[in-house]
file model-v4.cif (mmCIF, C-alpha atoms)
data_work
#
loop_
_atom_site.label_atom_id
_atom_site.label_comp_id
_atom_site.auth_asym_id
_atom_site.auth_seq_id
_atom_site.Cartn_x
_atom_site.Cartn_y
_atom_site.Cartn_z
CA MET A 1 -27.18 60.79 28.52
CA SER A 2 -24.99 57.71 28.80
CA VAL A 3 -25.40 55.11 31.53
CA GLY A 4 -22.19 56.30 33.15
CA SER A 5 -23.44 59.89 33.11
CA ARG A 6 -26.68 58.95 34.84
CA VAL A 7 -24.83 57.13 37.61
CA ARG A 8 -22.38 60.01 38.03
CA ALA A 9 -25.17 62.59 38.14
CA VAL A 10 -26.95 60.74 40.96
CA ALA A 11 -23.67 60.27 42.81
CA VAL A 12 -22.76 63.94 42.53
CA ALA A 13 -26.00 64.92 44.24
CA GLY A 14 -25.10 62.62 47.13
CA VAL A 15 -21.65 64.10 47.70
CA ALA A 16 -22.28 67.75 46.90
CA GLY A 17 -22.80 68.68 50.53
CA ALA A 18 -19.56 67.04 51.69
CA ALA A 19 -17.55 68.45 48.83
CA GLY A 20 -19.00 71.93 49.30
CA LEU A 21 -18.18 71.92 53.03
CA ALA A 22 -14.63 70.75 52.39
CA GLY A 23 -14.17 73.33 49.63
CA VAL A 24 -15.33 76.21 51.83
CA THR A 25 -13.10 74.99 54.67
CA GLY A 26 -10.17 74.91 52.27
CA LEU A 27 -10.66 78.52 51.25
CA LEU A 28 -10.86 79.63 54.87
CA LEU A 29 -7.77 77.75 56.04
CA THR A 30 -5.53 78.57 53.09
CA GLY A 31 -6.47 82.23 53.02
CA ALA A 32 -6.50 82.16 49.23
CA PRO A 33 -6.12 85.67 47.83
CA PRO A 34 -8.75 87.15 45.50
CA ALA A 35 -8.27 86.49 41.81
CA ALA A 36 -5.99 88.86 39.93
CA ALA A 37 -7.60 91.58 37.86
CA ASP A 38 -6.59 89.93 34.60
CA THR A 39 -8.08 86.55 35.47
CA PRO A 40 -10.84 85.80 32.94
CA ASP A 41 -14.42 85.83 34.12
CA SER A 42 -16.56 82.75 34.41
CA PHE A 43 -19.19 82.29 31.74
CA THR A 44 -22.32 80.26 31.14
CA ILE A 45 -22.71 78.10 28.05
CA GLU A 46 -26.05 79.38 26.79
CA ASP A 47 -26.64 77.09 23.80
CA GLU A 48 -29.62 74.89 24.68
CA ARG A 49 -28.16 72.11 22.52
CA ILE A 50 -25.12 71.80 24.78
CA THR A 51 -26.38 69.88 27.79
CA GLU A 52 -23.45 67.49 28.35
CA SER A 53 -20.34 69.58 27.74
CA SER A 54 -17.66 66.95 28.22
CA GLY A 55 -14.53 68.56 26.82
CA LEU A 56 -13.05 72.05 26.62
CA ALA A 57 -10.15 73.55 24.67
CA ALA A 58 -9.07 77.15 24.17
CA SER A 59 -8.86 78.11 20.51
CA ARG A 60 -5.46 79.08 19.10
CA ALA A 61 -6.88 80.99 16.16
CA HIS A 62 -9.76 82.89 17.75
CA LYS A 63 -9.24 84.94 20.91
CA GLY A 64 -11.63 84.19 23.73
CA VAL A 65 -13.22 81.19 21.97
CA TYR A 66 -13.47 77.71 23.50
CA TRP A 67 -14.23 74.46 21.69
CA THR A 68 -16.63 72.06 23.36
CA HIS A 69 -18.93 69.15 22.52
CA ASN A 70 -21.59 66.99 24.08
CA ASP A 71 -21.08 63.52 25.50
CA SER A 72 -22.81 60.64 23.72
CA ASP A 73 -26.23 60.80 22.01
CA ASP A 74 -25.70 64.13 20.26
CA GLY A 75 -24.12 63.69 16.85
CA PRO A 76 -20.93 64.69 15.01
CA TYR A 77 -20.92 68.26 16.30
CA VAL A 78 -18.27 70.48 17.85
CA TYR A 79 -19.21 73.94 19.12
CA ALA A 80 -17.19 77.16 19.21
CA VAL A 81 -18.32 79.17 22.25
CA ASP A 82 -17.39 82.80 22.95
CA GLY A 83 -15.98 82.92 26.48
CA ARG A 84 -17.05 86.55 26.88
CA THR A 85 -20.74 86.01 26.15
CA GLY A 86 -21.28 82.24 26.48
CA LYS A 87 -22.92 82.19 23.06
CA THR A 88 -22.12 79.68 20.32
CA VAL A 89 -20.47 81.48 17.40
CA ALA A 90 -20.17 78.43 15.12
CA THR A 91 -21.18 74.77 14.93
CA VAL A 92 -18.81 72.39 13.15
CA THR A 93 -20.29 69.20 11.70
CA LEU A 94 -17.88 66.31 11.18
CA ARG A 95 -18.89 64.72 7.88
CA GLY A 96 -18.85 60.93 7.68
CA ILE A 97 -18.63 60.47 11.45
CA ASP A 98 -21.06 58.54 13.66
CA PRO A 99 -19.61 59.12 17.13
CA ARG A 100 -20.00 56.60 19.93
CA ASP A 101 -18.88 58.41 23.10
CA VAL A 102 -17.04 61.70 22.57
CA GLU A 103 -15.26 62.74 25.75
CA ALA A 104 -12.44 65.19 25.00
CA VAL A 105 -11.13 67.92 22.71
CA SER A 106 -7.68 69.50 22.37
CA VAL A 107 -5.95 71.90 19.97
CA GLY A 108 -2.53 71.05 18.55
CA PRO A 109 0.41 73.35 17.74
CA ASP A 110 -0.59 73.58 14.08
CA GLY A 111 -4.10 74.78 14.92
CA ASP A 112 -5.74 71.42 14.33
CA VAL A 113 -8.59 70.39 16.63
CA PHE A 114 -8.45 66.82 17.95
CA VAL A 115 -11.72 65.24 19.15
CA GLY A 116 -11.54 62.11 21.28
CA ASP A 117 -14.24 59.49 20.72
CA ILE A 118 -12.61 57.54 23.54
CA GLY A 119 -15.28 56.95 26.19
CA ASP A 120 -16.06 53.45 27.39
CA ASN A 121 -18.83 53.21 29.99
CA PHE A 122 -18.21 49.47 30.25
CA ASN A 123 -14.72 49.97 31.74
CA GLY A 124 -12.79 48.58 28.81
CA ARG A 125 -15.12 46.77 26.44
CA TRP A 126 -14.18 48.48 23.17
CA PRO A 127 -11.01 47.07 21.57
CA GLU A 128 -10.63 50.25 19.51
CA VAL A 129 -11.56 53.91 19.90
CA TRP A 130 -11.14 56.89 17.57
CA ILE A 131 -9.68 60.37 17.32
CA TYR A 132 -10.97 62.90 14.75
CA ARG A 133 -8.86 65.80 13.50
CA PHE A 134 -9.76 68.96 11.60
CA HIS A 135 -8.17 72.38 11.13
CA GLU A 136 -9.63 75.32 13.01
CA PRO A 137 -11.79 77.28 10.57
CA GLU A 138 -10.41 80.71 9.67
CA ARG A 139 -13.84 82.23 10.12
CA LEU A 140 -16.37 81.23 12.75
CA LYS A 141 -19.96 81.82 11.76
CA GLY A 142 -23.09 79.68 11.59
CA ASN A 143 -22.84 76.06 10.50
CA ILE A 144 -19.56 74.73 9.10
CA SER A 145 -19.04 71.23 7.66
CA VAL A 146 -15.62 69.61 7.53
CA THR A 147 -14.30 66.18 6.63
CA PRO A 148 -11.99 65.20 9.49
CA THR A 149 -9.11 62.77 9.47
CA ARG A 150 -10.04 59.70 11.49
CA TYR A 151 -7.49 57.75 13.51
CA THR A 152 -8.11 54.30 14.98
CA VAL A 153 -6.57 53.87 18.44
CA LYS A 154 -5.86 50.99 20.81
CA TYR A 155 -3.89 50.66 24.06
CA ASP A 156 -0.82 48.47 24.42
CA ASP A 157 -2.22 46.82 27.57
CA GLY A 158 -5.81 46.29 26.46
CA PRO A 159 -9.03 48.34 26.33
CA ARG A 160 -9.40 51.22 28.77
CA ASP A 161 -12.06 53.71 29.83
CA ALA A 162 -10.78 57.23 29.13
CA GLU A 163 -12.11 60.78 29.05
CA SER A 164 -8.86 62.77 28.66
CA LEU A 165 -7.08 63.60 25.41
CA MET A 166 -4.15 66.03 25.43
CA VAL A 167 -2.10 67.22 22.44
CA HIS A 168 1.34 68.54 23.40
CA PRO A 169 1.56 72.17 22.20
CA LYS A 170 5.19 71.87 21.06
CA THR A 171 5.66 68.33 19.75
CA GLY A 172 2.09 67.67 18.58
CA ARG A 173 2.19 64.20 20.16
CA VAL A 174 -1.16 62.95 21.43
CA TYR A 175 -1.69 61.54 24.93
CA LEU A 176 -4.65 59.82 26.58
CA THR A 177 -5.33 59.26 30.27
CA SER A 178 -7.46 56.36 31.45
CA LYS A 179 -9.53 56.42 34.64
CA SER A 180 -10.06 53.77 37.28
CA ASP A 181 -12.24 53.40 40.37
CA GLU A 182 -9.28 51.77 42.13
CA GLY A 183 -6.84 54.60 41.44
CA LYS A 184 -5.00 52.66 38.74
CA GLY A 185 -5.34 55.04 35.83
CA GLY A 186 -2.57 55.53 33.32
CA ILE A 187 -1.10 58.15 31.00
CA TYR A 188 -0.66 56.79 27.46
CA GLU A 189 1.58 58.18 24.73
CA GLY A 190 0.67 57.94 21.08
CA PRO A 191 3.07 57.45 18.17
CA GLY A 192 5.20 60.42 17.14
CA LYS A 193 2.85 60.86 14.20
CA LEU A 194 -0.64 59.41 13.99
CA THR A 195 -1.55 57.50 10.85
CA ALA A 196 -4.98 57.23 9.28
CA GLY A 197 -4.02 54.07 7.40
CA GLY A 198 -3.72 51.66 10.32
CA VAL A 199 -4.11 51.24 14.06
CA ASN A 200 -2.27 53.65 16.35
CA THR A 201 -1.08 51.94 19.53
CA PHE A 202 -0.78 54.09 22.64
CA ARG A 203 1.71 52.85 25.23
CA ARG A 204 1.43 53.37 28.98
CA ILE A 205 4.20 55.70 30.20
CA ALA A 206 3.01 56.59 33.71
CA ASP A 207 0.49 55.64 36.37
CA THR A 208 -1.93 58.07 37.97
CA LYS A 209 -4.37 57.86 40.86
CA VAL A 210 -6.46 60.72 39.48
CA TYR A 211 -9.94 59.65 38.37
CA ALA A 212 -9.37 61.78 35.29
CA THR A 213 -12.44 63.28 33.62
CA ASP A 214 -10.24 65.56 31.49
CA GLY A 215 -6.69 66.80 31.06
CA ALA A 216 -4.75 69.61 29.39
CA PHE A 217 -1.21 70.75 28.67
CA SER A 218 -0.15 74.32 29.43
CA PRO A 219 0.54 76.42 26.31
CA ASP A 220 4.31 76.11 26.82
CA GLY A 221 4.09 72.34 27.36
CA THR A 222 5.74 72.36 30.80
CA ARG A 223 2.65 71.47 32.85
CA LEU A 224 0.03 68.73 32.59
CA MET A 225 -3.25 69.16 34.44
CA LEU A 226 -5.57 66.23 35.19
CA ARG A 227 -8.93 66.92 36.80
CA SER A 228 -11.46 64.76 38.58
CA TYR A 229 -14.95 65.64 39.78
CA PHE A 230 -13.82 67.23 43.02
CA SER A 231 -10.08 67.68 42.76
CA GLY A 232 -7.21 67.97 40.32
CA GLU A 233 -3.49 67.33 40.15
CA ILE A 234 -0.87 69.20 38.15
CA PHE A 235 2.44 67.79 36.94
CA ARG A 236 5.75 69.15 35.72
CA TRP A 237 6.11 67.73 32.22
CA LYS A 238 9.32 66.93 30.39
CA ASP A 239 9.32 64.58 27.42
CA GLY A 240 11.01 61.27 28.11
CA THR A 241 10.78 61.49 31.90
CA GLU A 242 8.20 60.53 34.51
CA PRO A 243 5.71 63.38 35.11
CA GLU A 244 6.47 65.03 38.47
CA SER A 245 3.50 65.85 40.66
CA LEU A 246 3.36 69.46 41.84
CA GLY A 247 0.35 68.84 44.06
CA THR A 248 -3.37 69.39 43.87
CA VAL A 249 -5.24 72.31 42.38
CA PRO A 250 -8.53 73.58 43.85
CA VAL A 251 -11.45 72.62 41.63
CA PRO A 252 -14.73 74.58 41.66
CA LEU A 253 -17.76 72.79 43.05
CA GLN A 254 -19.75 71.93 39.92
CA ARG A 255 -22.71 69.75 39.09
CA GLN A 256 -20.57 67.25 37.20
CA GLY A 257 -17.06 68.49 36.59
CA GLU A 258 -16.03 67.11 33.21
CA SER A 259 -13.55 69.41 31.49
CA VAL A 260 -10.50 71.63 31.86
CA THR A 261 -8.25 73.76 29.67
CA PHE A 262 -5.55 76.39 30.11
CA THR A 263 -6.12 79.96 29.02
CA PRO A 264 -3.76 80.99 26.18
CA ASP A 265 -1.47 82.88 28.59
CA GLY A 266 -1.05 79.77 30.76
CA ARG A 267 -1.95 81.56 34.00
CA THR A 268 -5.43 80.22 34.52
CA LEU A 269 -7.32 76.95 34.31
CA MET A 270 -10.89 77.01 33.02
CA PHE A 271 -13.11 74.27 34.49
CA GLY A 272 -16.29 73.13 32.75
CA SER A 273 -19.25 71.00 33.74
CA GLU A 274 -22.08 69.00 32.22
CA GLY A 275 -25.69 70.13 32.41
CA ALA A 276 -27.85 72.73 30.72
CA ASN A 277 -26.54 76.30 31.11
CA SER A 278 -23.35 74.95 32.64
CA GLU A 279 -20.74 77.28 34.09
CA VAL A 280 -17.12 77.49 32.99
CA GLU A 281 -15.11 78.79 35.92
CA PRO A 282 -11.52 80.09 36.22
CA VAL A 283 -8.89 79.14 38.79
CA GLU A 284 -5.64 81.12 38.67
CA LEU A 285 -2.52 79.05 39.21
CA GLU A 286 0.03 80.00 41.86
CA GLY A 287 3.60 79.17 42.75
CA GLN A 288 5.33 76.32 40.99
CA ARG A 289 2.04 75.11 39.56
CA ARG A 290 2.32 77.91 37.02
CA PRO A 291 3.98 77.03 33.70
CA GLU A 292 7.70 77.77 33.38
CA SER A 293 7.07 80.55 30.85
CA VAL A 294 4.80 82.36 33.32
CA ILE A 295 7.32 82.06 36.16
CA ARG A 296 10.12 83.40 33.94
CA ALA A 297 7.98 86.31 32.75
CA GLU A 298 7.07 87.32 36.28
CA ARG A 299 10.68 87.16 37.44
CA SER A 300 11.75 89.43 34.61
CA GLY A 301 8.76 91.75 34.98
CA GLU A 302 7.69 91.11 31.38
CA ASP A 303 4.13 90.22 32.32
CA GLY A 304 3.20 93.79 33.19
CA LYS A 305 2.74 93.06 36.89
CA GLY A 306 6.29 94.08 37.70
CA GLY A 307 8.25 92.78 40.67
CA GLY A 308 7.25 93.09 44.30
CA ALA A 309 4.61 90.55 45.29
CA SER A 310 4.86 88.66 42.02
CA SER A 311 8.59 88.17 42.37
CA GLY A 312 8.19 87.04 45.94
CA ALA A 313 5.62 84.43 44.98
CA SER A 314 7.86 83.13 42.24
CA SER A 315 10.92 82.72 44.44
CA GLY A 316 8.86 81.08 47.16
CA ALA A 317 7.39 78.60 44.70
CA GLY A 318 10.79 77.64 43.41
CA GLY A 319 11.47 75.45 46.41
CA GLY A 320 12.53 77.96 49.10
CA ASP A 321 10.95 78.74 52.43
CA GLY A 322 9.00 81.79 51.26
CA GLU A 323 5.38 82.65 51.83
CA GLY A 324 4.36 81.37 48.38
CA THR A 325 5.44 77.82 49.22
CA ASP A 326 3.50 77.79 52.49
CA ARG A 327 0.35 78.95 50.74
CA ASP A 328 0.66 76.26 48.09
CA GLY A 329 1.34 73.60 50.69
CA GLY A 330 -1.89 74.46 52.48
CA LYS A 331 -3.82 73.99 49.28
CA VAL A 332 -2.35 70.54 48.77
CA VAL A 333 -3.55 69.39 52.20
CA ILE A 334 -7.05 70.81 51.87
CA GLY A 335 -7.37 69.63 48.29
CA GLY A 336 -6.52 66.13 49.47
CA VAL A 337 -9.15 66.24 52.19
CA THR A 338 -11.79 67.44 49.75
CA PHE A 339 -10.92 64.74 47.28
CA ALA A 340 -10.79 61.95 49.84
CA VAL A 341 -14.17 62.79 51.37
CA ALA A 342 -15.97 63.37 48.09
CA LEU A 343 -14.46 60.53 46.11
CA GLY A 344 -14.97 58.03 48.91
CA LEU A 345 -18.66 58.82 49.13
CA TRP A 346 -19.00 58.90 45.35
CA LEU A 347 -17.41 55.49 44.84
CA GLY A 348 -19.53 54.03 47.62
CA LEU A 349 -22.70 55.24 45.94
CA ARG A 350 -21.44 54.03 42.56
CA ARG A 351 -20.92 50.50 43.86
CA LEU A 352 -24.33 50.60 45.56
CA PHE A 353 -26.03 51.52 42.28
CA ARG A 354 -24.12 48.79 40.44
CA ARG A 355 -25.22 46.16 42.93
CA GLY A 356 -28.77 47.41 42.77
CA SER A 357 -28.86 47.13 38.98
CA ARG A 358 -27.83 43.47 38.88
#

call {"tool": "encode", "arguments": {"input": "model-v4.cif", "output": "structure tokens"}}
result
Amino acid sequence: MSVGSRVRAVAVAGVAGAAGLAGVTGLLLTGAPPAAADTPDSFTIEDERITESSGLAASRAHKGVYWTHNDSDDGPYVYAVDGRTGKTVATVTLRGIDPRDVEAVSVGPDGDVFVGDIGDNFNGRWPEVWIYRFHEPERLKGNISVTPTRYTVKYDDGPRDAESLMVHPKTGRVYLTSKSDEGKGGIYEGPGKLTAGGVNTFRRIADTKVYATDGAFSPDGTRLMLRSYFSGEIFRWKDGTEPESLGTVPVPLQRQGESVTFTPDGRTLMFGSEGANSEVEPVELEGQRRPESVIRAERSGEDGKGGGASSGASSGAGGGDGEGTDRDGGKVVIGGVTFAVALGLWLGLRRLFRRGSR
């Protein structure tokens, strides 16, 4: 486990009580409805080798499969996990790679898997980081070896600590999000096409206060989700414009919340955590936090749920005064309280441990 992971693990134990209390209060005050019948179940990652699952991405080629990987100190391995059983169905070895601090994974529109060796526990010491790319295997079974394409990456404003890599599902452009204790993280955009023959400079296009431990685009590319340990924020995404915040999203209370991905239908977020036998838990999106394609499908009745309650939620989320908007607004307030309490305590403990180690 990396130094940063040890500090975070200790800190999480210190704030779990506060975060849990705030989370329960949020559910009571918002009156959140039970999950829909088609919301995927949670699952436990059963592979004893996966003890620091730090990234998560839904496969495009294999239904119900999620890609994940360990943090540092594991090796050049990426695991395909069946979301119905929690069992590893294939292990991919990246030939010729000696990873330093792998923190994120994402799947592009062409079915290529992007692995982000982008961690920096020294808050910006490494002048360059790397991204590895390989095509999703057609068949998942046993051990698979691939030779990935390796991209060298730097930031236009100097080294950054980052744990979030997102590939846009329509354009294929790669984005990174840095994290900061002071709420000064940034969203960085890569070149239109990455090159393996030189250095790829990512430029800062937006600021974010989210202490981002992972991020993901919705399958239609209209939403960007950034998660932290105890909270998350979702944005309306449109290329060439500033991401528009749509508010917070409830995040499950987990040992060390490190990862997030959308389900292939875009309706649900799957949240992952570090630790042995870690849980991956679903949270169904509501109101305007849902991707545009989901909202359109519900309005037209193409999703199989028909009109009625679904149509009402959609129209309320669109900016009117309906019940759906009120419910979402409540979640924003409670999510903010949870985040403020938990993050404040966490950062205080982090600084205490730093001073104690000097």

call {"tool": "closest_residue", "arguments": {"input": "model-v4.cif", "among": "A:Asp73, A:Pro191, A:Val78, A:Val199", "to": "Pro127 in chain A", "atoms": "only C-alpha atoms"}}
result
A:Val199

call {"tool": "resolve_selection", "arguments": {"input": "model-v4.cif", "expression": "the PyMOL selection byres ((chain A and resi 147) around 10)", "output": "list of chain:residue names"}}
result
A:Thr93, A:Leu94, A:Arg95, A:Gly96, A:Ile97, A:Tyr132, A:Arg133, A:Phe134, A:His135, A:Ser145, A:Val146, A:Pro148, A:Thr149, A:Arg150

call {"tool": "residues_around", "arguments": {"input": "model-v4.cif", "residues": "Thr201 in chain A", "least_positions_apart": "3", "cutoff": "10 Å", "atoms": "all atoms listed in the file", "output": "PDB file with C-alpha atoms, keeping the file's coordinate frame"}}
result
ATOM      1  CA  GLU A 128     -10.630  50.250  19.510  1.00  0.00           C
ATOM      2  CA  THR A 152      -8.110  54.300  14.980  1.00  0.00           C
ATOM      3  CA  VAL A 153      -6.570  53.870  18.440  1.00  0.00           C
ATOM      4  CA  LYS A 154      -5.860  50.990  20.810  1.00  0.00           C
ATOM      5  CA  TYR A 155      -3.890  50.660  24.060  1.00  0.00           C
ATOM      6  CA  ASP A 156      -0.820  48.470  24.420  1.00  0.00           C
ATOM      7  CA  ASP A 157      -2.220  46.820  27.570  1.00  0.00           C
ATOM      8  CA  TYR A 188      -0.660  56.790  27.460  1.00  0.00           C
ATOM      9  CA  GLU A 189       1.580  58.180  24.730  1.00  0.00           C
ATOM     10  CA  GLY A 190       0.670  57.940  21.080  1.00  0.00           C
ATOM     11  CA  PRO A 191       3.070  57.450  18.170  1.00  0.00           C
ATOM     12  CA  LEU A 194      -0.640  59.410  13.990  1.00  0.00           C
ATOM     13  CA  GLY A 198      -3.720  51.660  10.320  1.00  0.00           C
ATOM     14  CA  ARG A 204       1.430  53.370  28.980  1.00  0.00           C
TER      15      ARG A 204
END

call {"tool": "residues_around", "arguments": {"input": "model-v4.cif", "residues": "Tyr79 in chain A", "least_positions_apart": "2", "cutoff": "12 Å", "atoms": "all atoms listed in the file", "output": "NGL selection string"}}
result
:A and (45-51 or 53-59 or 65-70 or 74-77 or 81-82 or 86-94 or 105 or 113 or 115 or 136-137 or 140-145)

call {"tool": "closest_residue", "arguments": {"input": "model-v4.cif", "among": "A:Ala80, A:Leu224, A:Met166, A:Ala196", "to": "Trp130 in chain A", "atoms": "only C-alpha atoms"}}
result
A:Ala196

call {"tool": "closest_residue", "arguments": {"input": "model-v4.cif", "among": "A:Leu253, A:Glu274, A:Asp71, A:Asp110", "to": "Gly172 in chain A", "atoms": "all atoms listed in the file"}}
result
A:Asp110

call {"tool": "decode", "arguments": {"input": "model-v4.cif", "residues": "range 275-304 of chain A", "atoms": "N, CA and C atoms", "output": "compact mmCIF listing (two decimals), in the first residue's frame"}}
result
# COMPACT_ATOMS: atom_id res chain seq x y z
N GLY A 275 -9.56 -2.26 -0.37
CA GLY A 275 -9.68 -3.24 0.70
C GLY A 275 -9.99 -4.62 0.17
N ALA A 276 -9.62 -5.62 0.93
CA ALA A 276 -9.93 -6.99 0.56
C ALA A 276 -11.43 -7.21 0.58
N ASN A 277 -11.95 -7.99 -0.38
CA ASN A 277 -13.39 -8.26 -0.49
C ASN A 277 -14.21 -6.97 -0.48
N SER A 278 -13.76 -6.02 -1.27
CA SER A 278 -14.43 -4.72 -1.29
C SER A 278 -15.75 -4.79 -2.05
N GLU A 279 -16.68 -3.95 -1.63
CA GLU A 279 -18.01 -3.90 -2.24
C GLU A 279 -18.04 -2.87 -3.37
N VAL A 280 -18.77 -3.21 -4.42
CA VAL A 280 -19.10 -2.26 -5.48
C VAL A 280 -20.60 -2.03 -5.38
N GLU A 281 -21.01 -0.78 -5.15
CA GLU A 281 -22.39 -0.50 -4.80
C GLU A 281 -23.03 0.46 -5.79
N PRO A 282 -24.31 0.22 -6.15
CA PRO A 282 -25.00 1.07 -7.13
C PRO A 282 -25.73 2.24 -6.48
N VAL A 283 -25.80 3.34 -7.20
CA VAL A 283 -26.65 4.48 -6.84
C VAL A 283 -27.35 4.92 -8.12
N GLU A 284 -28.67 4.82 -8.13
CA GLU A 284 -29.43 5.21 -9.33
C GLU A 284 -29.56 6.72 -9.39
N LEU A 285 -29.31 7.29 -10.55
CA LEU A 285 -29.41 8.73 -10.73
C LEU A 285 -30.86 9.15 -10.91
N GLU A 286 -31.14 10.39 -10.49
CA GLU A 286 -32.49 10.92 -10.58
C GLU A 286 -32.48 12.32 -11.18
N GLY A 287 -33.62 12.73 -11.69
CA GLY A 287 -33.78 14.09 -12.17
C GLY A 287 -32.78 14.46 -13.26
N GLN A 288 -32.33 15.68 -13.22
CA GLN A 288 -31.44 16.18 -14.26
C GLN A 288 -30.03 15.61 -14.15
N ARG A 289 -29.75 14.89 -13.09
CA ARG A 289 -28.45 14.24 -12.98
C ARG A 289 -28.33 13.06 -13.95
N ARG A 290 -29.46 12.57 -14.42
CA ARG A 290 -29.43 11.49 -15.41
C ARG A 290 -28.91 12.01 -16.74
N PRO A 291 -28.24 11.18 -17.51
CA PRO A 291 -27.78 11.59 -18.84
C PRO A 291 -28.95 11.98 -19.74
N GLU A 292 -28.67 12.82 -20.74
CA GLU A 292 -29.72 13.30 -21.64
C GLU A 292 -30.43 12.15 -22.35
N SER A 293 -29.70 11.12 -22.74
CA SER A 293 -30.31 10.01 -23.45
C SER A 293 -31.33 9.28 -22.57
N VAL A 294 -31.07 9.19 -21.27
CA VAL A 294 -32.00 8.54 -20.35
C VAL A 294 -33.25 9.40 -20.18
N ILE A 295 -33.07 10.70 -20.03
CA ILE A 295 -34.22 11.60 -19.88
C ILE A 295 -35.11 11.54 -21.12
N ARG A 296 -34.51 11.57 -22.30
CA ARG A 296 -35.28 11.51 -23.54
C ARG A 296 -36.05 10.18 -23.65
N ALA A 297 -35.39 9.09 -23.29
CA ALA A 297 -36.03 7.78 -23.38
C ALA A 297 -37.22 7.68 -22.44
N GLU A 298 -37.09 8.23 -21.24
CA GLU A 298 -38.19 8.17 -20.30
C GLU A 298 -39.36 9.03 -20.75
N ARG A 299 -39.06 10.18 -21.33
CA ARG A 299 -40.13 11.06 -21.80
C ARG A 299 -40.91 10.42 -22.94
N SER A 300 -40.22 9.64 -23.76
CA SER A 300 -40.89 9.01 -24.89
C SER A 300 -41.44 7.63 -24.56
N GLY A 301 -41.13 7.14 -23.36
CA GLY A 301 -41.61 5.83 -22.94
C GLY A 301 -40.84 4.68 -23.54
N GLU A 302 -39.67 4.98 -24.14
CA GLU A 302 -38.89 3.93 -24.81
C GLU A 302 -38.11 3.07 -23.86
N ASP A 303 -38.04 3.46 -22.59
CA ASP A 303 -37.22 2.70 -21.64
C ASP A 303 -37.96 1.53 -21.04
N GLY A 304 -39.24 1.37 -21.38
CA GLY A 304 -39.99 0.24 -20.84
C GLY A 304 -40.70 0.55 -19.54
